[in-house]
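Visitor: Pasting target.pdb here (PDB, C-alpha atoms, pLDDT in the B column):
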ATOM      1  CA  MET L   7      15.226   0.233  -2.923  1.00 48.00           C
ATOM      2  CA  ARG L   8      17.400   0.117   0.171  1.00 56.00           C
ATOM      3  CA  PHE L   9      18.711  -3.293   1.163  1.00 58.00           C
ATOM      4  CA  THR L  10      18.050  -4.116   4.809  1.00 67.00           C
ATOM      5  CA  ARG L  11      18.384  -7.113   7.076  1.00 66.00           C
ATOM      6  CA  ARG L  12      14.571  -7.311   7.244  1.00 63.00           C
ATOM      7  CA  ARG L  13      14.290  -7.571   3.453  1.00 64.00           C
ATOM      8  CA  LEU L  14      16.956 -10.253   3.431  1.00 62.00           C
ATOM      9  CA  LEU L  15      15.097 -12.298   6.058  1.00 65.00           C
ATOM     10  CA  VAL L  16      11.749 -11.875   4.284  1.00 64.00           C
ATOM     11  CA  GLY L  17      13.354 -12.897   0.988  1.00 65.00           C
ATOM     12  CA  VAL L  18      14.969 -15.981   2.511  1.00 63.00           C
ATOM     13  CA  ALA L  19      11.687 -16.964   4.212  1.00 61.00           C
ATOM     14  CA  ALA L  20       9.772 -16.581   0.934  1.00 59.00           C
ATOM     15  CA  ALA L  21      12.396 -18.590  -0.963  1.00 55.00           C
ATOM     16  CA  LEU L  22      12.123 -21.372   1.618  1.00 53.00           C
ATOM     17  CA  GLY L  23       8.352 -21.471   1.216  1.00 53.00           C
ATOM     18  CA  LEU L  24       7.615 -20.018   4.656  1.00 56.00           C
ATOM     19  CA  ASP L  25       4.853 -17.489   5.179  1.00 52.00           C
ATOM     20  CA  PRO L  26       6.666 -14.131   5.165  1.00 53.00           C
ATOM     21  CA  LEU L  27       3.511 -12.378   6.347  1.00 51.00           C
ATOM     22  CA  SER L  28       4.000 -13.917   9.778  1.00 51.00           C
ATOM     23  CA  LEU L  29       7.494 -12.432  10.055  1.00 49.00           C
ATOM     24  CA  PRO L  30       6.701  -9.102  11.750  1.00 50.00           C
ATOM     25  CA  GLY L  31       6.069 -10.942  15.020  1.00 48.00           C
ATOM     26  CA  TRP L  32       9.537 -12.440  15.167  1.00 47.00           C
ATOM     27  CA  LEU L  33      11.247  -9.514  13.486  1.00 47.00           C
ATOM     28  CA  GLY L  34      10.459  -7.233  16.386  1.00 47.00           C
ATOM     29  CA  GLY L  35       6.816  -6.525  15.512  1.00 44.00           C
ATOM     30  CA  ARG L  36       7.549  -3.217  13.776  1.00 45.00           C
ATOM     31  CA  GLY L  37       5.248  -2.427  10.857  1.00 44.00           C
ATOM     32  CA  ARG L  38       3.334  -4.691   8.534  1.00 47.00           C
ATOM     33  CA  VAL L  39       4.591  -6.765   5.654  1.00 48.00           C
ATOM     34  CA  SER L  40       2.413  -6.415   2.559  1.00 54.00           C
ATOM     35  CA  ALA L  41       2.440  -8.298  -0.730  1.00 51.00           C
ATOM     36  CA  VAL L  42       4.484  -5.437  -2.195  1.00 50.00           C
ATOM     37  CA  HIS L  43       7.137  -5.707   0.541  1.00 51.00           C
ATOM     38  CA  ILE L  44       7.367  -9.449   0.008  1.00 50.00           C
ATOM     39  CA  ALA L  45       7.754  -8.984  -3.736  1.00 46.00           C
ATOM     40  CA  GLN L  46      10.441  -6.330  -3.254  1.00 49.00           C
ATOM     41  CA  ALA L  47      12.356  -8.500  -0.802  1.00 48.00           C
ATOM     42  CA  ALA L  48      11.971 -11.819  -2.586  1.00 49.00           C
ATOM     43  CA  GLY L  49      12.294 -10.503  -6.122  1.00 52.00           C
ATOM     44  CA  PRO L  50      10.134 -11.508  -9.045  1.00 55.00           C
ATOM     45  CA  ALA L  51      10.985 -15.229  -9.024  1.00 68.00           C
ATOM     46  CA  PRO L  52       8.476 -17.211 -11.076  1.00 74.00           C
ATOM     47  CA  LEU L  53       5.627 -18.940  -9.292  1.00 79.00           C
ATOM     48  CA  ALA L  54       6.300 -22.577  -8.486  1.00 82.00           C
ATOM     49  CA  GLY L  55       4.036 -25.290  -9.897  1.00 88.00           C
ATOM     50  CA  LEU L  56       2.369 -25.926  -6.539  1.00 91.00           C
ATOM     51  CA  GLU L  57       1.698 -22.215  -6.047  1.00 91.00           C
ATOM     52  CA  LEU L  58       0.158 -21.991  -9.489  1.00 91.00           C
ATOM     53  CA  GLY L  59      -1.935 -25.091  -8.765  1.00 93.00           C
ATOM     54  CA  ASP L  60      -3.288 -23.564  -5.546  1.00 94.00           C
ATOM     55  CA  LEU L  61      -4.078 -20.300  -7.313  1.00 94.00           C
ATOM     56  CA  ILE L  62      -5.919 -22.128 -10.113  1.00 94.00           C
ATOM     57  CA  ALA L  63      -7.816 -24.202  -7.509  1.00 94.00           C
ATOM     58  CA  PHE L  64      -8.907 -20.913  -5.901  1.00 94.00           C
ATOM     59  CA  ALA L  65      -9.995 -19.510  -9.256  1.00 92.00           C
ATOM     60  CA  GLU L  66     -11.965 -22.664 -10.093  1.00 92.00           C
ATOM     61  CA  VAL L  67     -14.174 -22.217  -7.040  1.00 92.00           C
ATOM     62  CA  LEU L  68     -14.290 -18.433  -7.358  1.00 89.00           C
ATOM     63  CA  LEU L  69     -15.239 -18.386 -11.039  1.00 87.00           C
ATOM     64  CA  GLU L  70     -17.073 -21.581 -11.887  1.00 86.00           C
ATOM     65  CA  GLY L  71     -17.593 -23.708  -8.767  1.00 88.00           C
ATOM     66  CA  ARG L  72     -16.083 -26.673 -10.572  1.00 91.00           C
ATOM     67  CA  THR L  73     -12.801 -27.953 -11.952  1.00 91.00           C
ATOM     68  CA  PHE L  74     -11.698 -26.109 -15.096  1.00 89.00           C
ATOM     69  CA  SER L  75     -11.383 -27.781 -18.461  1.00 89.00           C
ATOM     70  CA  ALA L  76      -7.887 -27.931 -19.933  1.00 90.00           C
ATOM     71  CA  ARG L  77      -8.687 -24.909 -22.142  1.00 86.00           C
ATOM     72  CA  GLU L  78      -9.977 -22.828 -19.227  1.00 88.00           C
ATOM     73  CA  ARG L  79      -7.027 -23.785 -17.058  1.00 90.00           C
ATOM     74  CA  ALA L  80      -4.519 -22.934 -19.803  1.00 90.00           C
ATOM     75  CA  ALA L  81      -6.110 -19.519 -20.366  1.00 88.00           C
ATOM     76  CA  LEU L  82      -5.886 -18.605 -16.690  1.00 90.00           C
ATOM     77  CA  VAL L  83      -2.368 -20.027 -16.284  1.00 91.00           C
ATOM     78  CA  ASP L  84      -1.232 -17.862 -19.216  1.00 91.00           C
ATOM     79  CA  TYR L  85      -2.829 -14.812 -17.639  1.00 90.00           C
ATOM     80  CA  ILE L  86      -1.297 -15.443 -14.196  1.00 90.00           C
ATOM     81  CA  GLU L  87       2.160 -16.115 -15.617  1.00 90.00           C
ATOM     82  CA  GLU L  88       1.979 -12.951 -17.735  1.00 88.00           C
ATOM     83  CA  ARG L  89       1.001 -10.878 -14.692  1.00 87.00           C
ATOM     84  CA  ALA L  90       3.759 -12.463 -12.604  1.00 85.00           C
ATOM     85  CA  ARG L  91       6.318 -11.410 -15.247  1.00 84.00           C
ATOM     86  CA  ASP L  92       5.329  -7.725 -14.967  1.00 79.00           C
ATOM     87  CA  GLY L  93       8.830  -6.833 -13.761  1.00 75.00           C
ATOM     88  CA  SER L  94       7.827  -5.120 -10.529  1.00 78.00           C
ATOM     89  CA  GLY L  95       7.181  -8.343  -8.629  1.00 82.00           C
ATOM     90  CA  TYR L  96       3.875  -6.946  -7.366  1.00 87.00           C
ATOM     91  CA  TYR L  97       1.658  -9.702  -8.780  1.00 89.00           C
ATOM     92  CA  THR L  98       4.091 -12.435  -7.800  1.00 89.00           C
ATOM     93  CA  GLY L  99       3.960 -11.156  -4.214  1.00 90.00           C
ATOM     94  CA  LEU L 100       0.186 -10.803  -4.318  1.00 92.00           C
ATOM     95  CA  TYR L 101      -0.280 -14.311  -5.691  1.00 92.00           C
ATOM     96  CA  ARG L 102       2.107 -15.745  -3.096  1.00 92.00           C
ATOM     97  CA  THR L 103       0.207 -13.922  -0.354  1.00 93.00           C
ATOM     98  CA  THR L 104      -3.010 -15.477  -1.687  1.00 94.00           C
ATOM     99  CA  VAL L 105      -1.564 -18.977  -1.819  1.00 94.00           C
ATOM    100  CA  GLY L 106      -0.061 -18.597   1.666  1.00 94.00           C
ATOM    101  CA  LEU L 107      -3.406 -17.535   3.108  1.00 94.00           C
ATOM    102  CA  LEU L 108      -5.308 -20.333   1.360  1.00 95.00           C
ATOM    103  CA  ASN L 109      -2.850 -22.990   2.509  1.00 95.00           C
ATOM    104  CA  ARG L 110      -2.853 -21.741   6.108  1.00 94.00           C
ATOM    105  CA  LEU L 111      -6.646 -21.701   6.242  1.00 93.00           C
ATOM    106  CA  ALA L 112      -6.823 -25.160   4.614  1.00 94.00           C
ATOM    107  CA  GLY L 113      -4.168 -26.618   6.944  1.00 93.00           C
ATOM    108  CA  GLY L 114      -2.217 -27.905   3.922  1.00 93.00           C
ATOM    109  CA  ARG L 115      -2.240 -27.551   0.155  1.00 94.00           C
ATOM    110  CA  PHE L 116      -5.469 -25.825  -0.836  1.00 93.00           C
ATOM    111  CA  SER L 117      -5.450 -27.547  -4.229  1.00 92.00           C
ATOM    112  CA  ARG L 118      -5.629 -30.979  -2.581  1.00 95.00           C
ATOM    113  CA  LEU L 119      -9.088 -30.254  -1.189  1.00 94.00           C
ATOM    114  CA  ASP L 120     -12.052 -31.316  -3.316  1.00 94.00           C
ATOM    115  CA  VAL L 121     -14.159 -28.571  -4.877  1.00 94.00           C
ATOM    116  CA  ALA L 122     -16.891 -28.740  -2.199  1.00 95.00           C
ATOM    117  CA  LYS L 123     -14.380 -28.360   0.658  1.00 95.00           C
ATOM    118  CA  ARG L 124     -12.618 -25.511  -1.144  1.00 94.00           C
ATOM    119  CA  ALA L 125     -15.947 -23.732  -1.645  1.00 94.00           C
ATOM    120  CA  ALA L 126     -16.914 -24.211   2.004  1.00 94.00           C
ATOM    121  CA  LEU L 127     -13.563 -22.777   3.146  1.00 92.00           C
ATOM    122  CA  LEU L 128     -13.887 -19.742   0.864  1.00 90.00           C
ATOM    123  CA  MET L 129     -17.448 -19.114   2.022  1.00 91.00           C
ATOM    124  CA  ARG L 130     -16.483 -19.489   5.688  1.00 91.00           C
ATOM    125  CA  TYR L 131     -13.815 -16.809   5.396  1.00 89.00           C
ATOM    126  CA  HIS L 132     -15.755 -14.675   2.875  1.00 87.00           C
ATOM    127  CA  LEU L 133     -12.964 -14.903   0.279  1.00 87.00           C
ATOM    128  CA  VAL L 134     -15.318 -14.949  -2.727  1.00 83.00           C
ATOM    129  CA  SER L 135     -16.246 -11.277  -2.445  1.00 81.00           C
ATOM    130  CA  SER L 136     -14.101  -8.263  -3.235  1.00 79.00           C
ATOM    131  CA  ASP L 137     -16.320  -6.010  -1.131  1.00 79.00           C
ATOM    132  CA  VAL L 138     -14.835  -5.322   2.304  1.00 82.00           C
ATOM    133  CA  ARG L 139     -17.029  -3.315   4.655  1.00 81.00           C
ATOM    134  CA  PRO L 140     -15.542  -1.011   7.307  1.00 85.00           C
ATOM    135  CA  GLY L 141     -15.180  -2.900  10.582  1.00 79.00           C
ATOM    136  CA  GLU L 142     -15.939  -6.258   8.951  1.00 78.00           C
ATOM    137  CA  PRO L 143     -14.106  -9.111  10.709  1.00 77.00           C
ATOM    138  CA  LEU L 144     -11.648 -10.592   8.214  1.00 81.00           C
ATOM    139  CA  GLY L 145     -10.654 -13.750  10.067  1.00 79.00           C
ATOM    140  CA  PRO L 146      -7.388 -14.896  11.563  1.00 81.00           C
ATOM    141  CA  LEU L 147      -5.161 -13.176   8.975  1.00 85.00           C
ATOM    142  CA  PRO L 148      -6.922  -9.889   8.258  1.00 84.00           C
ATOM    143  CA  GLU L 149      -4.278  -8.099   6.163  1.00 88.00           C
ATOM    144  CA  GLN L 150      -3.816 -11.101   3.878  1.00 89.00           C
ATOM    145  CA  ALA L 151      -7.597 -11.613   3.600  1.00 89.00           C
ATOM    146  CA  ARG L 152      -8.025  -7.943   2.676  1.00 89.00           C
ATOM    147  CA  ALA L 153      -5.355  -8.234  -0.047  1.00 90.00           C
ATOM    148  CA  VAL L 154      -6.960 -11.401  -1.435  1.00 90.00           C
ATOM    149  CA  ARG L 155     -10.461  -9.942  -1.445  1.00 88.00           C
ATOM    150  CA  THR L 156      -9.641  -6.474  -2.761  1.00 90.00           C
ATOM    151  CA  GLN L 157      -6.827  -7.320  -5.168  1.00 89.00           C
ATOM    152  CA  THR L 158      -6.577 -11.019  -6.102  1.00 91.00           C
ATOM    153  CA  VAL L 159     -10.300 -11.731  -6.494  1.00 91.00           C
ATOM    154  CA  PRO L 160     -10.956  -8.873  -8.984  1.00 91.00           C
ATOM    155  CA  ASP L 161      -7.684  -9.624 -10.782  1.00 91.00           C
ATOM    156  CA  LEU L 162      -8.513 -13.298 -11.366  1.00 90.00           C
ATOM    157  CA  ILE L 163     -12.107 -12.534 -12.374  1.00 89.00           C
ATOM    158  CA  GLY L 164     -10.931  -9.905 -14.853  1.00 87.00           C
ATOM    159  CA  GLY L 165      -8.213 -12.147 -16.266  1.00 86.00           C
ATOM    160  CA  TYR L 166     -10.580 -15.055 -16.763  1.00 82.00           C
ATOM    161  CA  TYR L 167     -13.305 -13.051 -18.473  1.00 80.00           C
ATOM    162  CA  ARG L 168     -10.798 -11.383 -20.786  1.00 79.00           C
ATOM    163  CA  SER L 169      -9.821 -14.806 -22.132  1.00 70.00           C
ATOM    164  CA  ALA L 170     -11.546 -16.924 -24.769  1.00 64.00           C
ATOM    165  CA  ALA L 171     -12.637 -19.318 -21.992  1.00 64.00           C
ATOM    166  CA  GLY L 172     -14.374 -16.483 -20.166  1.00 56.00           C
ATOM    167  CA  TRP L 173     -16.072 -15.264 -23.306  1.00 57.00           C
ATOM    168  CA  ALA L 174     -17.357 -18.785 -23.923  1.00 57.00           C
ATOM    169  CA  VAL L 175     -19.225 -18.572 -20.603  1.00 57.00           C
ATOM    170  CA  VAL L 176     -21.396 -15.840 -22.129  1.00 61.00           C
ATOM    171  CA  GLU L 177     -21.812 -18.026 -25.230  1.00 54.00           C
ATOM    172  CA  TYR L 178     -19.468 -16.181 -27.551  1.00 56.00           C
ATOM    173  CA  SER L 179     -17.818 -18.848 -29.623  1.00 56.00           C
ATOM    174  CA  THR L 180     -15.289 -16.405 -31.053  1.00 57.00           C
ATOM    175  CA  PHE L 181     -13.048 -14.262 -28.896  1.00 55.00           C
ATOM    176  CA  PRO L 182     -13.454 -10.508 -29.594  1.00 56.00           C
ATOM    177  CA  GLY L 183     -11.169  -9.245 -32.322  1.00 58.00           C
ATOM    178  CA  ARG L 184     -11.225 -12.493 -34.265  1.00 58.00           C
ATOM    179  CA  CYS L 185     -13.412 -13.192 -37.262  1.00 58.00           C
ATOM    180  CA  GLY L 186     -16.411 -15.368 -36.442  1.00 59.00           C
ATOM    181  CA  ASP L 187     -19.053 -16.994 -38.606  1.00 61.00           C
ATOM    182  CA  LEU L 188     -20.166 -14.381 -41.161  1.00 60.00           C
ATOM    183  CA  ALA L 189     -23.413 -16.274 -41.832  1.00 63.00           C
ATOM    184  CA  ARG L 190     -24.451 -15.477 -38.275  1.00 60.00           C
ATOM    185  CA  TYR L 191     -24.411 -11.772 -39.067  1.00 59.00           C
ATOM    186  CA  THR L 192     -25.890 -11.939 -42.577  1.00 66.00           C
ATOM    187  CA  GLY L 193     -28.662 -14.466 -42.055  1.00 64.00           C
ATOM    188  CA  PRO L 194     -31.929 -14.348 -40.111  1.00 68.00           C
ATOM    189  CA  GLU L 195     -31.930 -14.948 -36.368  1.00 65.00           C
ATOM    190  CA  PRO L 196     -32.533 -18.606 -35.475  1.00 61.00           C
TER
END
Please express the file's structure as structure tokens.
Guide:
Amino acid sequence: MRFTRRRLLVGVAAALGLDPLSLPGWLGGRGRVSAVHIAQAAGPAPLAGLELGDLIAFAEVLLEGRTFSARERAALVDYIEERARDGSGYYTGLYRTTVGLLNRLAGGRFSRLDVAKRAALLMRYHLVSSDVRPGEPLGPLPEQARAVRTQTVPDLIGGYYRSAAGWAVVEYSTFPGRCGDLARYTGPEP
């Protein structure tokens, strides 16, 4: 990766908590800044607690429409932190793009909104669907909305349903690969 002044500025903006996706306008307007560019410029620094809280608040509405239990929250936090440590910085950049978009649309910390207001915001901007139709209006920040819908939404859904908390939603009391109640398999159906 070649070090440039642009990457330095994007990295500094990301470290200061600014929205690096708005940088192309004041960096001369050349090209677009994607989640990958942000990750490459900012490096794979761990997600801050507030960022993680906003991402979990997004997942709560996306996946369950309610606040997660401690077990559900812990499972998703583990998944997000594991993805963010992938070494490439891709997921860290993607998650930061998601949080930046959510906070800009909410006019403050997304996680501070109650569940009903979060759901209304996500529905208004169509951020609960990963399907993006050609020519579909994507709102005030189209590139970020596209990244959230096509990358973050499927990632969080997949991560949640691969966890024990996700399997419990489909009434599996034992996570796959772990021994369950043998009487369930050897006795008659209730």
Visitor: Can you pull out every residue within 12 Å of Arg152 in chain L, counting only C-alpha atoms, but drop anything in the same chain fewer than 3 positions away, and send it as a PyMOL selection string?
Guide: chain L and resi 40-41+100+103-104+107+131-149+155-159
Visitor: By how many Å are CA of Ala54 in chain L and CA of Ile86 in chain L apart?
Guide: 11.9 Å
Visitor: Quick check, in Å to one decimal: how far apart do CA of Ala112 in chain L and CA of Leu127 in chain L lie?
Guide: 7.3 Å
Visitor: When the PyMOL selection byres ((chain L and resi 59-76) around 10) is applied to the structure above, which residues does it catch, written out as a PyMOL selection string?
Guide: chain L and resi 53-58+77-83+86+101-102+104-106+108-109+115-126+128-129+133-135+158-159+162-163+166-167+171-172+175
Visitor: Interatomic distance between CA of Tyr85 in chain L and CA of Val154 in chain L?
Guide: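 It comes out at 17.1 Å.
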